[in-house]
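Heads up, upload.cif below (mmCIF, C-alpha atoms and all ligand atoms):
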```cif
data_upload
loop_
_atom_site.label_atom_id
_atom_site.label_comp_id
_atom_site.auth_asym_id
_atom_site.auth_seq_id
_atom_site.Cartn_x
_atom_site.Cartn_y
_atom_site.Cartn_z
CA MET A 7 13.61 -40.28 -26.02
CA LYS A 8 10.46 -39.05 -24.26
CA HIS A 9 10.65 -35.93 -22.11
CA ILE A 10 8.55 -36.41 -18.97
CA ALA A 11 7.98 -33.48 -16.61
CA LEU A 12 6.58 -34.03 -13.11
CA VAL A 13 5.05 -31.26 -11.03
CA PHE A 14 4.03 -31.31 -7.37
CA GLY A 15 3.79 -28.85 -4.51
CA THR A 16 2.58 -30.34 -1.23
CA ARG A 17 3.84 -32.96 1.21
CA PRO A 18 1.56 -35.84 0.14
CA GLU A 19 2.17 -35.28 -3.56
CA ALA A 20 5.91 -35.23 -2.92
CA ILE A 21 5.80 -38.49 -0.91
CA LYS A 22 4.01 -40.17 -3.82
CA MET A 23 5.84 -38.49 -6.73
CA CYS A 24 9.45 -38.75 -5.49
CA PRO A 25 9.53 -42.55 -5.93
CA LEU A 26 8.28 -42.04 -9.50
CA ALA A 27 10.80 -39.27 -10.21
CA LEU A 28 13.59 -41.57 -8.99
CA GLU A 29 12.29 -44.46 -11.12
CA LEU A 30 12.16 -42.28 -14.26
CA GLU A 31 15.59 -40.80 -13.56
CA SER A 32 17.04 -44.30 -13.16
CA ARG A 33 15.84 -45.10 -16.68
CA ALA A 34 17.81 -42.29 -18.36
CA HIS A 35 18.13 -44.31 -21.56
CA GLU A 36 14.31 -44.18 -21.93
CA PHE A 37 13.32 -40.82 -20.41
CA ARG A 38 14.51 -37.28 -20.01
CA THR A 39 13.01 -36.28 -16.64
CA THR A 40 12.30 -32.76 -15.38
CA VAL A 41 11.10 -32.21 -11.79
CA ILE A 42 9.11 -29.03 -11.12
CA VAL A 43 7.84 -28.03 -7.68
CA THR A 44 5.37 -25.23 -7.13
CA GLY A 45 6.31 -24.85 -3.47
CA GLN A 46 2.62 -24.75 -2.44
CA HIS A 47 4.09 -26.13 0.78
CA ARG A 48 7.52 -24.84 1.71
CA GLN A 49 8.95 -26.54 4.81
CA MET A 50 6.78 -29.69 4.55
CA LEU A 51 7.80 -30.15 0.91
CA ARG A 52 11.48 -29.63 1.69
CA GLN A 53 11.31 -32.37 4.38
CA VAL A 54 10.20 -34.90 1.76
CA LEU A 55 12.67 -33.85 -0.94
CA ASP A 56 15.47 -34.25 1.60
CA VAL A 57 14.35 -37.75 2.66
CA PHE A 58 14.22 -38.97 -0.95
CA GLY A 59 17.24 -37.00 -2.18
CA VAL A 60 15.26 -35.42 -5.04
CA ALA A 61 16.59 -32.05 -6.31
CA PRO A 62 13.94 -30.17 -8.31
CA ASP A 63 14.98 -28.58 -11.60
CA PHE A 64 12.54 -25.68 -11.06
CA ASP A 65 10.82 -24.23 -7.98
CA LEU A 66 7.98 -21.72 -8.44
CA ASP A 67 8.14 -20.92 -4.70
CA ILE A 68 4.47 -19.84 -4.51
CA MET A 69 3.63 -20.42 -0.81
CA ARG A 70 2.23 -17.55 1.24
CA GLU A 71 0.99 -17.53 4.86
CA GLN A 72 -2.67 -18.61 4.94
CA GLN A 73 -2.89 -18.65 1.17
CA THR A 74 -6.27 -18.83 -0.54
CA LEU A 75 -7.32 -21.11 -3.37
CA PHE A 76 -7.09 -18.07 -5.66
CA ASP A 77 -3.48 -17.44 -4.63
CA ILE A 78 -2.40 -21.03 -5.31
CA THR A 79 -4.30 -21.26 -8.60
CA GLU A 80 -3.16 -17.91 -10.00
CA ARG A 81 0.49 -18.37 -9.11
CA THR A 82 0.62 -21.95 -10.36
CA VAL A 83 -1.14 -21.28 -13.66
CA SER A 84 1.08 -18.32 -14.51
CA GLY A 85 4.30 -20.00 -13.32
CA MET A 86 3.52 -23.22 -15.20
CA ARG A 87 2.54 -21.27 -18.32
CA ALA A 88 6.00 -19.71 -18.49
CA LEU A 89 7.87 -22.95 -17.70
CA LEU A 90 5.88 -25.30 -19.92
CA SER A 91 6.04 -22.89 -22.85
CA GLN A 92 9.83 -23.21 -22.73
CA LEU A 93 10.14 -26.88 -21.81
CA ARG A 94 7.36 -28.37 -23.97
CA PRO A 95 7.61 -31.86 -22.42
CA ASP A 96 5.94 -34.81 -24.15
CA VAL A 97 3.88 -35.43 -21.02
CA LEU A 98 3.27 -33.48 -17.79
CA LEU A 99 2.61 -35.75 -14.80
CA VAL A 100 0.48 -34.34 -11.99
CA HIS A 101 -0.63 -36.13 -8.84
CA GLY A 102 -3.92 -36.54 -7.04
CA ASP A 103 -6.19 -33.66 -6.17
CA THR A 104 -4.34 -30.61 -4.84
CA THR A 105 -4.73 -27.16 -6.30
CA THR A 106 -1.13 -27.40 -7.54
CA ALA A 107 -2.15 -30.45 -9.58
CA PHE A 108 -5.36 -28.88 -10.90
CA ALA A 109 -3.76 -25.56 -11.89
CA ALA A 110 -0.72 -27.24 -13.47
CA ALA A 111 -2.96 -29.58 -15.48
CA LEU A 112 -5.01 -26.60 -16.63
CA ALA A 113 -1.89 -24.77 -17.82
CA ALA A 114 -0.75 -27.88 -19.74
CA PHE A 115 -4.20 -28.29 -21.25
CA TYR A 116 -4.20 -24.67 -22.48
CA LEU A 117 -0.76 -25.27 -24.03
CA GLU A 118 -1.94 -28.58 -25.55
CA ILE A 119 0.66 -30.59 -23.64
CA PRO A 120 -0.63 -34.09 -22.74
CA VAL A 121 -1.33 -34.59 -19.04
CA GLY A 122 -0.79 -37.87 -17.18
CA HIS A 123 -2.74 -38.11 -13.93
CA VAL A 124 -1.11 -40.20 -11.22
CA GLU A 125 -3.69 -41.44 -8.66
CA ALA A 126 -6.54 -40.93 -11.13
CA GLY A 127 -10.15 -41.95 -10.62
CA LEU A 128 -10.65 -41.39 -6.88
CA ARG A 129 -14.13 -40.08 -6.18
CA THR A 130 -16.63 -39.27 -3.47
CA TYR A 131 -19.02 -37.64 -6.00
CA ASN A 132 -19.70 -35.03 -3.31
CA ILE A 133 -18.17 -31.85 -4.74
CA LYS A 134 -17.96 -30.28 -1.25
CA SER A 135 -16.19 -33.21 0.42
CA PRO A 136 -13.27 -33.15 0.35
CA TYR A 137 -13.18 -29.50 -0.67
CA PRO A 138 -11.81 -28.45 -3.12
CA GLU A 139 -10.13 -31.81 -3.84
CA GLU A 140 -13.17 -33.58 -5.32
CA PHE A 141 -13.48 -30.82 -7.92
CA ASN A 142 -9.74 -30.84 -8.57
CA ARG A 143 -9.55 -34.57 -9.23
CA GLN A 144 -12.58 -34.61 -11.52
CA ALA A 145 -11.29 -31.59 -13.45
CA ILE A 146 -7.81 -33.12 -13.81
CA ASP A 147 -9.22 -36.39 -15.11
CA SER A 148 -11.30 -34.50 -17.68
CA VAL A 149 -8.17 -32.92 -19.25
CA SER A 150 -5.82 -35.91 -18.87
CA SER A 151 -4.65 -38.06 -21.77
CA TYR A 152 -3.33 -40.81 -19.47
CA HIS A 153 -4.94 -42.00 -16.24
CA PHE A 154 -2.80 -43.97 -13.77
CA ALA A 155 -5.45 -45.47 -11.51
CA PRO A 156 -4.27 -47.03 -8.25
CA THR A 157 -7.01 -49.69 -8.10
CA ASP A 158 -9.73 -51.38 -10.14
CA SER A 159 -12.37 -49.37 -8.32
CA ALA A 160 -10.72 -46.10 -9.45
CA ARG A 161 -10.54 -47.52 -13.00
CA ASN A 162 -14.25 -48.34 -12.87
CA ASN A 163 -15.08 -44.75 -11.87
CA LEU A 164 -13.16 -43.50 -14.92
CA LEU A 165 -14.84 -45.99 -17.26
CA ARG A 166 -18.27 -45.03 -15.92
CA GLU A 167 -17.45 -41.40 -16.73
CA GLY A 168 -16.65 -42.34 -20.33
CA LYS A 169 -12.83 -42.31 -20.27
CA ARG A 170 -11.37 -44.60 -22.93
CA ALA A 171 -10.14 -47.93 -21.57
CA ASP A 172 -6.83 -47.65 -23.45
CA THR A 173 -5.98 -44.42 -21.56
CA ILE A 174 -6.33 -46.07 -18.13
CA PHE A 175 -3.54 -48.07 -16.44
CA VAL A 176 -4.08 -49.77 -13.09
CA THR A 177 -0.74 -49.41 -11.33
CA GLY A 178 -1.17 -49.56 -7.55
CA ASN A 179 -0.43 -46.48 -5.44
CA THR A 180 3.08 -45.03 -5.25
CA ALA A 181 2.43 -44.31 -1.51
CA ILE A 182 3.25 -47.97 -0.91
CA ASP A 183 6.52 -47.64 -2.88
CA ALA A 184 7.63 -45.13 -0.26
CA LEU A 185 6.58 -47.33 2.69
CA ARG A 186 8.72 -50.19 1.37
CA THR A 187 11.85 -48.17 2.12
CA THR A 188 10.91 -46.19 5.23
CA VAL A 189 9.66 -48.66 7.87
CA ARG A 190 12.46 -50.22 9.93
CA ALA A 191 12.35 -52.71 12.78
CA ASP A 192 15.21 -51.00 14.66
CA TYR A 193 13.76 -47.47 14.46
CA SER A 194 13.72 -45.45 17.69
CA HIS A 195 12.74 -41.89 18.68
CA PRO A 196 12.45 -40.06 22.02
CA ASP A 197 8.70 -39.42 21.49
CA LEU A 198 8.14 -43.16 20.98
CA ASP A 199 10.09 -43.82 24.20
CA TRP A 200 7.75 -41.37 25.97
CA ALA A 201 4.74 -43.36 24.72
CA ALA A 202 6.23 -46.82 25.24
CA ASP A 203 4.27 -47.50 28.48
CA SER A 204 0.90 -46.80 26.79
CA ARG A 205 -1.24 -47.53 23.76
CA LEU A 206 -0.07 -44.96 21.19
CA VAL A 207 -2.67 -43.04 19.21
CA MET A 208 -1.39 -41.04 16.22
CA LEU A 209 -3.52 -38.04 15.31
CA THR A 210 -3.43 -35.76 12.24
CA ALA A 211 -5.97 -33.23 10.94
CA HIS A 212 -5.78 -30.53 8.30
CA ARG A 213 -8.73 -30.69 5.84
CA ARG A 214 -9.86 -27.29 4.60
CA GLU A 215 -13.56 -28.13 5.11
CA ASN A 216 -12.81 -29.09 8.75
CA LEU A 217 -11.00 -25.84 9.63
CA GLY A 218 -12.80 -23.80 12.27
CA GLU A 219 -15.56 -25.23 14.43
CA SER A 220 -15.48 -28.76 12.93
CA MET A 221 -11.88 -29.19 13.91
CA ARG A 222 -12.51 -27.88 17.43
CA VAL A 223 -15.40 -30.33 17.78
CA ILE A 224 -13.14 -33.22 16.75
CA PHE A 225 -10.41 -32.12 19.17
CA ARG A 226 -12.92 -31.84 22.04
CA ALA A 227 -14.08 -35.41 21.40
CA VAL A 228 -10.47 -36.63 21.39
CA LEU A 229 -9.73 -34.80 24.65
CA ARG A 230 -12.76 -36.40 26.36
CA VAL A 231 -11.62 -39.88 25.38
CA VAL A 232 -8.02 -39.24 26.47
CA ARG A 233 -9.20 -37.98 29.89
CA GLU A 234 -11.23 -41.18 30.37
CA SER A 235 -8.51 -43.60 29.13
CA PRO A 236 -5.41 -43.51 31.35
CA ASP A 237 -3.56 -46.14 29.27
CA ILE A 238 -3.37 -44.11 26.03
CA LYS A 239 -0.98 -41.42 24.86
CA VAL A 240 -1.53 -39.28 21.78
CA ILE A 241 1.15 -37.91 19.46
CA TYR A 242 -0.03 -35.26 17.03
CA PRO A 243 2.41 -33.83 14.48
CA VAL A 244 0.57 -30.59 13.81
CA HIS A 245 0.20 -29.37 10.21
CA LEU A 246 1.88 -25.96 9.69
CA ASN A 247 -1.37 -24.21 8.73
CA PRO A 248 -1.70 -21.61 11.55
CA ALA A 249 -5.46 -22.22 11.73
CA VAL A 250 -4.82 -25.88 12.60
CA GLY A 251 -2.09 -25.07 15.12
CA SER A 252 -4.13 -22.59 17.13
CA ALA A 253 -7.11 -24.97 17.52
CA ALA A 254 -4.78 -27.84 18.45
CA ARG A 255 -2.91 -25.81 21.07
CA ASP A 256 -6.12 -24.33 22.57
CA ILE A 257 -7.88 -27.63 23.08
CA LEU A 258 -5.22 -30.34 23.25
CA GLY A 259 -2.10 -28.40 24.22
CA ALA A 260 -2.26 -28.75 28.02
CA HIS A 261 -2.99 -32.44 28.53
CA PRO A 262 0.02 -34.39 29.86
CA ARG A 263 -0.74 -37.48 27.77
CA ILE A 264 -1.04 -35.55 24.50
CA ARG A 265 2.12 -34.43 22.74
CA LEU A 266 1.82 -31.82 19.98
CA ILE A 267 4.94 -31.90 17.83
CA GLU A 268 6.22 -30.40 14.57
CA PRO A 269 5.38 -32.24 11.31
CA LEU A 270 7.56 -35.34 11.06
CA GLY A 271 9.66 -36.31 8.07
CA ALA A 272 8.13 -39.20 6.11
CA LEU A 273 10.63 -41.75 7.40
CA ASP A 274 9.87 -40.81 11.02
CA PHE A 275 6.13 -40.55 10.47
CA HIS A 276 5.86 -43.97 8.79
CA ASN A 277 7.75 -45.55 11.69
CA PHE A 278 5.46 -43.79 14.20
CA LEU A 279 2.47 -45.25 12.32
CA ALA A 280 4.05 -48.69 12.38
CA ARG A 281 4.36 -48.40 16.18
CA ALA A 282 0.86 -46.97 16.78
CA HIS A 283 -2.08 -48.80 18.35
CA LEU A 284 -4.51 -46.84 16.18
CA ILE A 285 -4.73 -43.72 14.01
CA LEU A 286 -7.17 -40.81 13.99
CA THR A 287 -6.92 -38.76 10.82
CA ASP A 288 -8.64 -36.79 8.07
CA SER A 289 -5.66 -37.40 5.75
CA GLY A 290 -6.03 -39.11 2.40
CA GLY A 291 -2.54 -40.59 2.18
CA ILE A 292 -2.63 -42.09 5.66
CA GLN A 293 -5.80 -44.00 4.71
CA GLU A 294 -3.70 -45.68 2.00
CA GLU A 295 -0.69 -46.44 4.18
CA ALA A 296 -2.61 -47.88 7.15
CA PRO A 297 -3.93 -51.08 5.47
CA SER A 298 -0.38 -52.18 4.57
CA LEU A 299 0.70 -51.58 8.14
CA GLY A 300 -2.41 -53.25 9.58
CA LYS A 301 -3.28 -50.19 11.68
CA PRO A 302 -6.95 -49.35 12.39
CA VAL A 303 -7.94 -45.85 11.30
CA LEU A 304 -10.84 -43.71 12.44
CA VAL A 305 -11.39 -41.36 9.49
CA LEU A 306 -12.34 -37.90 10.77
CA ARG A 307 -14.51 -37.14 7.75
CA ASP A 308 -18.02 -37.79 6.46
CA THR A 309 -16.92 -39.36 3.17
CA THR A 310 -13.95 -41.22 1.77
CA GLU A 311 -12.67 -41.76 -1.76
CA ARG A 312 -10.72 -44.77 -0.48
CA PRO A 313 -13.36 -47.56 -0.36
CA GLU A 314 -10.58 -50.15 -0.60
CA GLY A 315 -9.57 -49.41 3.00
CA ILE A 316 -13.17 -49.80 4.17
CA SER A 317 -13.46 -53.15 2.32
CA ALA A 318 -10.13 -54.27 3.79
CA GLY A 319 -11.67 -53.57 7.22
CA THR A 320 -8.95 -51.08 8.22
CA LEU A 321 -10.93 -47.84 7.99
CA LEU A 322 -14.00 -46.71 9.89
CA LEU A 323 -15.67 -43.39 9.09
CA ALA A 324 -16.05 -41.44 12.32
CA GLY A 325 -17.59 -38.29 10.84
CA THR A 326 -16.93 -34.88 12.33
CA ASP A 327 -19.67 -34.83 14.94
CA GLU A 328 -18.48 -34.79 18.59
CA ALA A 329 -20.75 -37.61 19.81
CA CYS A 330 -19.87 -39.85 16.88
CA VAL A 331 -16.10 -39.34 17.10
CA TYR A 332 -16.25 -39.91 20.88
CA GLU A 333 -18.36 -43.08 20.50
CA ARG A 334 -16.25 -44.66 17.71
CA PHE A 335 -12.94 -43.81 19.36
CA THR A 336 -14.11 -45.24 22.72
CA ARG A 337 -15.48 -48.38 21.05
CA LEU A 338 -12.24 -49.05 19.18
CA LEU A 339 -10.30 -48.76 22.44
CA CYS A 340 -12.64 -51.09 24.36
CA ASP A 341 -13.89 -53.64 21.82
CA ASP A 342 -11.10 -56.17 21.31
CA ALA A 343 -12.97 -58.06 18.57
CA LEU A 344 -13.50 -54.86 16.55
CA TYR A 345 -9.87 -53.88 17.06
CA ALA A 346 -8.62 -57.31 15.95
CA SER A 347 -10.82 -57.28 12.85
CA MET A 348 -9.47 -53.85 11.86
CA SER A 349 -5.80 -54.61 12.41
CA ARG A 350 -5.17 -57.21 9.72
CA ALA A 351 -2.56 -56.08 7.20
CA SER A 352 -3.61 -56.07 3.54
CA ASN A 353 -2.41 -54.59 0.27
CA PRO A 354 -5.33 -53.01 -1.60
CA TYR A 355 -2.93 -50.40 -3.04
CA GLY A 356 -0.37 -52.79 -4.48
CA ASP A 357 2.91 -54.23 -3.35
CA GLY A 358 5.13 -51.16 -3.68
CA PHE A 359 6.02 -51.21 -7.37
CA ALA A 360 3.54 -48.65 -8.73
CA SER A 361 6.28 -46.29 -9.97
CA ARG A 362 7.72 -49.03 -12.14
CA ALA A 363 4.26 -49.81 -13.57
CA ILE A 364 3.71 -46.12 -14.42
CA ALA A 365 7.13 -45.81 -16.06
CA ASP A 366 6.45 -49.00 -18.06
CA ALA A 367 3.12 -47.58 -19.25
CA LEU A 368 4.78 -44.28 -20.23
CA ALA A 369 7.52 -46.18 -22.10
C1 LIG B 401 -3.02 -28.79 0.87
C2 LIG B 401 -3.96 -29.36 -0.20
C3 LIG B 401 -4.67 -30.59 0.34
C4 LIG B 401 -3.68 -31.59 0.92
C5 LIG B 401 -2.79 -30.90 1.93
C6 LIG B 401 -1.75 -31.85 2.43
C7 LIG B 401 -5.10 -27.80 -1.71
C8 LIG B 401 -6.20 -26.83 -1.88
N1 LIG B 401 -4.99 -28.36 -0.49
O1 LIG B 401 -3.82 -28.32 1.93
O2 LIG B 401 -5.39 -31.20 -0.71
O3 LIG B 401 -4.41 -32.61 1.55
O4 LIG B 401 -2.14 -29.79 1.31
O5 LIG B 401 -1.13 -31.42 3.60
O6 LIG B 401 -4.33 -28.02 -2.61
N2 LIG B 401 2.02 -24.01 5.57
C9 LIG B 401 3.30 -23.67 5.93
N3 LIG B 401 4.35 -24.47 5.55
C10 LIG B 401 4.17 -25.60 4.83
C11 LIG B 401 2.86 -25.96 4.46
C12 LIG B 401 1.81 -25.14 4.83
O7 LIG B 401 3.52 -22.65 6.59
O8 LIG B 401 5.16 -26.29 4.53
C13 LIG B 401 0.90 -23.12 5.96
C14 LIG B 401 0.86 -21.81 5.18
O9 LIG B 401 0.41 -20.78 6.01
C15 LIG B 401 -0.20 -22.11 4.11
C16 LIG B 401 -1.17 -22.97 4.92
O10 LIG B 401 -0.34 -23.80 5.73
O11 LIG B 401 -0.77 -20.93 3.60
C17 LIG B 401 -2.12 -23.81 4.11
O12 LIG B 401 -1.45 -24.54 3.08
P1 LIG B 401 -2.28 -24.99 1.77
O13 LIG B 401 -1.37 -25.74 0.86
O14 LIG B 401 -3.02 -23.84 1.20
O15 LIG B 401 -3.40 -25.93 2.35
P2 LIG B 401 -3.31 -27.34 3.06
O16 LIG B 401 -4.37 -27.39 4.10
O17 LIG B 401 -1.91 -27.64 3.43
N1 LIG B 402 3.05 -37.42 6.89
C1 LIG B 402 4.36 -37.07 7.22
N2 LIG B 402 4.58 -36.38 8.38
C2 LIG B 402 3.58 -36.02 9.22
C3 LIG B 402 2.25 -36.35 8.86
C4 LIG B 402 2.01 -37.04 7.69
O1 LIG B 402 5.30 -37.41 6.49
O2 LIG B 402 3.86 -35.41 10.26
C5 LIG B 402 2.80 -38.14 5.62
C6 LIG B 402 1.90 -39.35 5.66
O3 LIG B 402 2.65 -40.54 5.92
C7 LIG B 402 1.31 -39.37 4.27
C8 LIG B 402 1.22 -37.90 3.91
O4 LIG B 402 2.12 -37.23 4.78
O5 LIG B 402 2.18 -39.99 3.35
C9 LIG B 402 -0.17 -37.39 4.08
O6 LIG B 402 -0.15 -36.02 3.97
P1 LIG B 402 -1.37 -35.11 4.42
O7 LIG B 402 -2.15 -35.82 5.46
O8 LIG B 402 -0.79 -33.78 4.75
O9 LIG B 402 -2.19 -34.92 3.07
P2 LIG B 402 -3.34 -35.78 2.33
O10 LIG B 402 -2.83 -37.17 2.15
O11 LIG B 402 -4.55 -35.70 3.18
O12 LIG B 402 -3.54 -35.06 1.05
#
```
Before anything else, please render the file you have as structure tokens.
Ligand code: UD1
Ligand code: UDP
Amino acid sequence: MKHIALVFGTRPEAIKMCPLALELESRAHEFRTTVIVTGQHRQMLRQVLDVFGVAPDFDLDIMREQQTLFDITERTVSGMRALLSQLRPDVLLVHGDTTTAFAAALAAFYLEIPVGHVEAGLRTYNIKSPYPEEFNRQAIDSVSSYHFAPTDSARNNLLREGKRADTIFVTGNTAIDALRTTVRADYSHPDLDWAADSRLVMLTAHRRENLGESMRVIFRAVLRVVRESPDIKVIYPVHLNPAVGSAARDILGAHPRIRLIEPLGALDFHNFLARAHLILTDSGGIQEEAPSLGKPVLVLRDTTERPEGISAGTLLLAGTDEACVYERFTRLLCDDALYASMSRASNPYGDGFASRAIADALA
């Protein structure tokens, strides 16, 4: 029987790894499964574990207030060194492009434990955007023995970089596995009742390269549009990074049609997305979820590693420049033809069975 260890540490990794952990655990005759969390996020990770009912076997508990990349890397490498030396799994699965994933893959590589990379092959080829994620994902793919690519375009990136075809498995994205179980027609919430008389805009922002002035610029553009558009209300579940919270409160906190709330659990958040008119975000995961839900997204970034959402017509890059964000946001609110063309549901990331495909490949 193969021993598969999974490691993750942040909210988005957890949302996409819990369905896989549950799939592997349900196949106990094929796999021994060990779930490790680094705790790079504390409260936001716990929210996801609770929703999925996943109980980690080990928690490195590394999070610190306003942690640096050094803090996360050092604590993860040393914690994973100790754990992996004891456990010696047949494969360590890491996810995506966080520093948890990079540092855990590095520790496994040093211990000569094969790494399987879930969500492999995403690229912008701009090492500064997103930062440090583009470095992390390239570095992880260079030490991985197995690449679980969500789409053909991710597979093609890996092939172009010289990865062997028999190490790459196109599986879809496990983000969609989660959506299959969370969105409900009869869902209700007091914040959705508050917004029921308006077009609901969901906003999220947290990217490290946007912290500081870039984020303030984005928020100022959003505020201008909200002031000029009496029929919209904005709900913004604010990331727990204190640098994000202070900018959000300073610029958006006082407007009566903008509600800043605590991060939502995945079940709640997915249902808020399903109810939204449109989404403004710099998040990676939300760019994957929106096409399935048929919700237009203005991506608050200069690049994206998710070209599938652009091809599907769901995503529009809005950049991080005040004039550009203002112009694109206003256009999407006023131009019905553009809105209609961006709100068609599609499934570029698969039909919600990626975890099963990954487990089959591992078997
Ligand atoms: C991390 C990932 C990023 C991912 C994002 C998802 C890296 C370098 N960054 O960025 O790729 O898109 O998670 O959200 O891996 N905090 C809390 N409680 C929490 C979570 C965060 O208090 O549950 C606060 C802490 O002060 C922490 C800070 O937020 O120090 C920043 O967290 P960190 O994981 O370093 O960066 P993120 O911006 O969340
Ligand atoms: N999400 C959530 N609650 C929130 C905001 C986002 O559960 O309040 C989910 C969202 O549906 C997606 C994931 O968190 O699955 C995205 O996480 P984030 O934007 O923090 O990270 P990224 O995807 O950019 O790495």
**OP:** Figure out the distance between CA of Phe225 (chain A) and CA of Glu328 (chain A), please, to one decimal in Å.
**Re:** 8.5 Å
**OP:** May I ask you to write as a PyMOL selection string all residues lying at most 8 Å from ligand LIG 401 (chain B), with only C-alpha atoms and all ligand atoms counted?
**Re:** chain A and resi 16-19+46-52+69-75+78+103-107+137-139+212-214+245-248+289-290
Could you give me, as CSV, every chain A residue with an atom at most 9 Å from ligand LIG 402 (chain B), plus its closest atom pair and distance in Å to one decimal, counting all atoms listed in the file, rows ordered by chain then number?
```
residue,atom,partner,partner_atom,distance
A:Thr16,CA,B:LIG402,O8,7.7
A:Arg17,CA,B:LIG402,O6,5.7
A:Pro18,CA,B:LIG402,O6,4.2
A:Glu19,CA,B:LIG402,O12,7.3
A:Ala20,CA,B:LIG402,C8,8.7
A:Ile21,CA,B:LIG402,O5,5.8
A:Lys22,CA,B:LIG402,O5,7.4
A:Met50,CA,B:LIG402,N2,8.0
A:Gln53,CA,B:LIG402,O1,8.1
A:Val54,CA,B:LIG402,O1,7.3
A:Gly102,CA,B:LIG402,O12,8.2
A:Asp103,CA,B:LIG402,O12,7.8
A:Thr104,CA,B:LIG402,O12,7.4
A:Glu139,CA,B:LIG402,O12,8.8
A:Ala181,CA,B:LIG402,O5,6.5
A:Ala184,CA,B:LIG402,O5,8.3
A:Leu185,CA,B:LIG402,O3,8.5
A:Leu209,CA,B:LIG402,C3,8.8
A:Thr210,CA,B:LIG402,C3,6.6
A:Ala211,CA,B:LIG402,O7,7.2
A:His212,CA,B:LIG402,O8,6.9
A:Arg213,CA,B:LIG402,O11,7.0
A:Tyr242,CA,B:LIG402,O2,7.8
A:Pro243,CA,B:LIG402,O2,4.7
A:Val244,CA,B:LIG402,O2,6.8
A:His245,CA,B:LIG402,O2,7.1
A:Ile267,CA,B:LIG402,O2,8.4
A:Glu268,CA,B:LIG402,O2,7.0
A:Pro269,CA,B:LIG402,O2,3.7
A:Leu270,CA,B:LIG402,O2,3.8
A:Gly271,CA,B:LIG402,O1,4.8
A:Ala272,CA,B:LIG402,O1,3.4
A:Leu273,CA,B:LIG402,O1,6.9
A:Asp274,CA,B:LIG402,O1,7.3
A:Phe275,CA,B:LIG402,N2,4.9
A:His276,CA,B:LIG402,O3,5.5
A:Leu279,CA,B:LIG402,O3,7.9
A:Thr287,CA,B:LIG402,O7,7.8
A:Asp288,CA,B:LIG402,O11,6.5
A:Ser289,CA,B:LIG402,O11,3.3
A:Gly290,CA,B:LIG402,O10,3.8
A:Gly291,CA,B:LIG402,O10,3.4
A:Ile292,CA,B:LIG402,C7,5.0
A:Gln293,CA,B:LIG402,O10,7.9
A:Glu294,CA,B:LIG402,O5,8.3
A:Glu295,CA,B:LIG402,O3,7.0
```
Original post:
Looking at all atoms listed in the file, which of A:Ser151, A:Thr310, A:Ser84, A:Ser317 is the one that sits closest to Asp172 (chain A)?
Top reply: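 When distances to Asp172 (chain A) are compared using all atoms listed in the file, the smallest one comes from A:Ser151.
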Original post:
Near region 87-94 of chain A, counting all atoms listed in the file, which residues have an atom at most 10 Å away, once you skip same-chain residues fewer than 4 positions from it, shown as a list in words?
Top reply: His9, Ile10, Ala11, Thr40, Ile42, Phe64, Leu66, Arg81, Thr82, Val83, Leu98, Ala109, Ala110, Leu112, Ala113, Ala114, Tyr116, Leu117, Glu118, Ile119 and Pro120 of chain A
Sorted per-residue table, region 152-229 of chain A near region 349-360 of chain A, closest atoms and distance, 9 Å, all atoms listed in the file, as CSV:
```
residue,atom,partner,partner_atom,distance
A:Pro156,CA,A:Tyr355,CA,6.3
A:Thr157,CA,A:Tyr355,CA,6.5
A:Val176,CA,A:Ala360,CA,8.9
A:Thr177,CA,A:Ala360,CA,5.1
A:Gly178,CA,A:Gly356,CA,4.5
A:Asn179,CA,A:Tyr355,CA,5.2
A:Thr180,CA,A:Ala360,CA,5.0
A:Ala181,CA,A:Gly358,CA,7.7
A:Ile182,CA,A:Gly358,CA,4.6
A:Asp183,CA,A:Gly358,CA,3.9
A:Ala184,CA,A:Gly358,CA,7.4
A:Leu185,CA,A:Gly358,CA,7.6
A:Arg186,CA,A:Gly358,CA,6.3
```
Selection above as a file: C-alpha atoms, as an mmCIF file, in the coordinates of the input:
```cif
data_model
loop_
_atom_site.group_PDB
_atom_site.id
_atom_site.type_symbol
_atom_site.label_atom_id
_atom_site.label_comp_id
_atom_site.auth_asym_id
_atom_site.auth_seq_id
_atom_site.Cartn_x
_atom_site.Cartn_y
_atom_site.Cartn_z
ATOM 1 C CA PRO A 156 -4.270 -47.030 -8.250
ATOM 2 C CA THR A 157 -7.010 -49.690 -8.100
ATOM 3 C CA VAL A 176 -4.080 -49.770 -13.090
ATOM 4 C CA THR A 177 -0.740 -49.410 -11.330
ATOM 5 C CA GLY A 178 -1.170 -49.560 -7.550
ATOM 6 C CA ASN A 179 -0.430 -46.480 -5.440
ATOM 7 C CA THR A 180 3.080 -45.030 -5.250
ATOM 8 C CA ALA A 181 2.430 -44.310 -1.510
ATOM 9 C CA ILE A 182 3.250 -47.970 -0.910
ATOM 10 C CA ASP A 183 6.520 -47.640 -2.880
ATOM 11 C CA ALA A 184 7.630 -45.130 -0.260
ATOM 12 C CA LEU A 185 6.580 -47.330 2.690
ATOM 13 C CA ARG A 186 8.720 -50.190 1.370
#
```
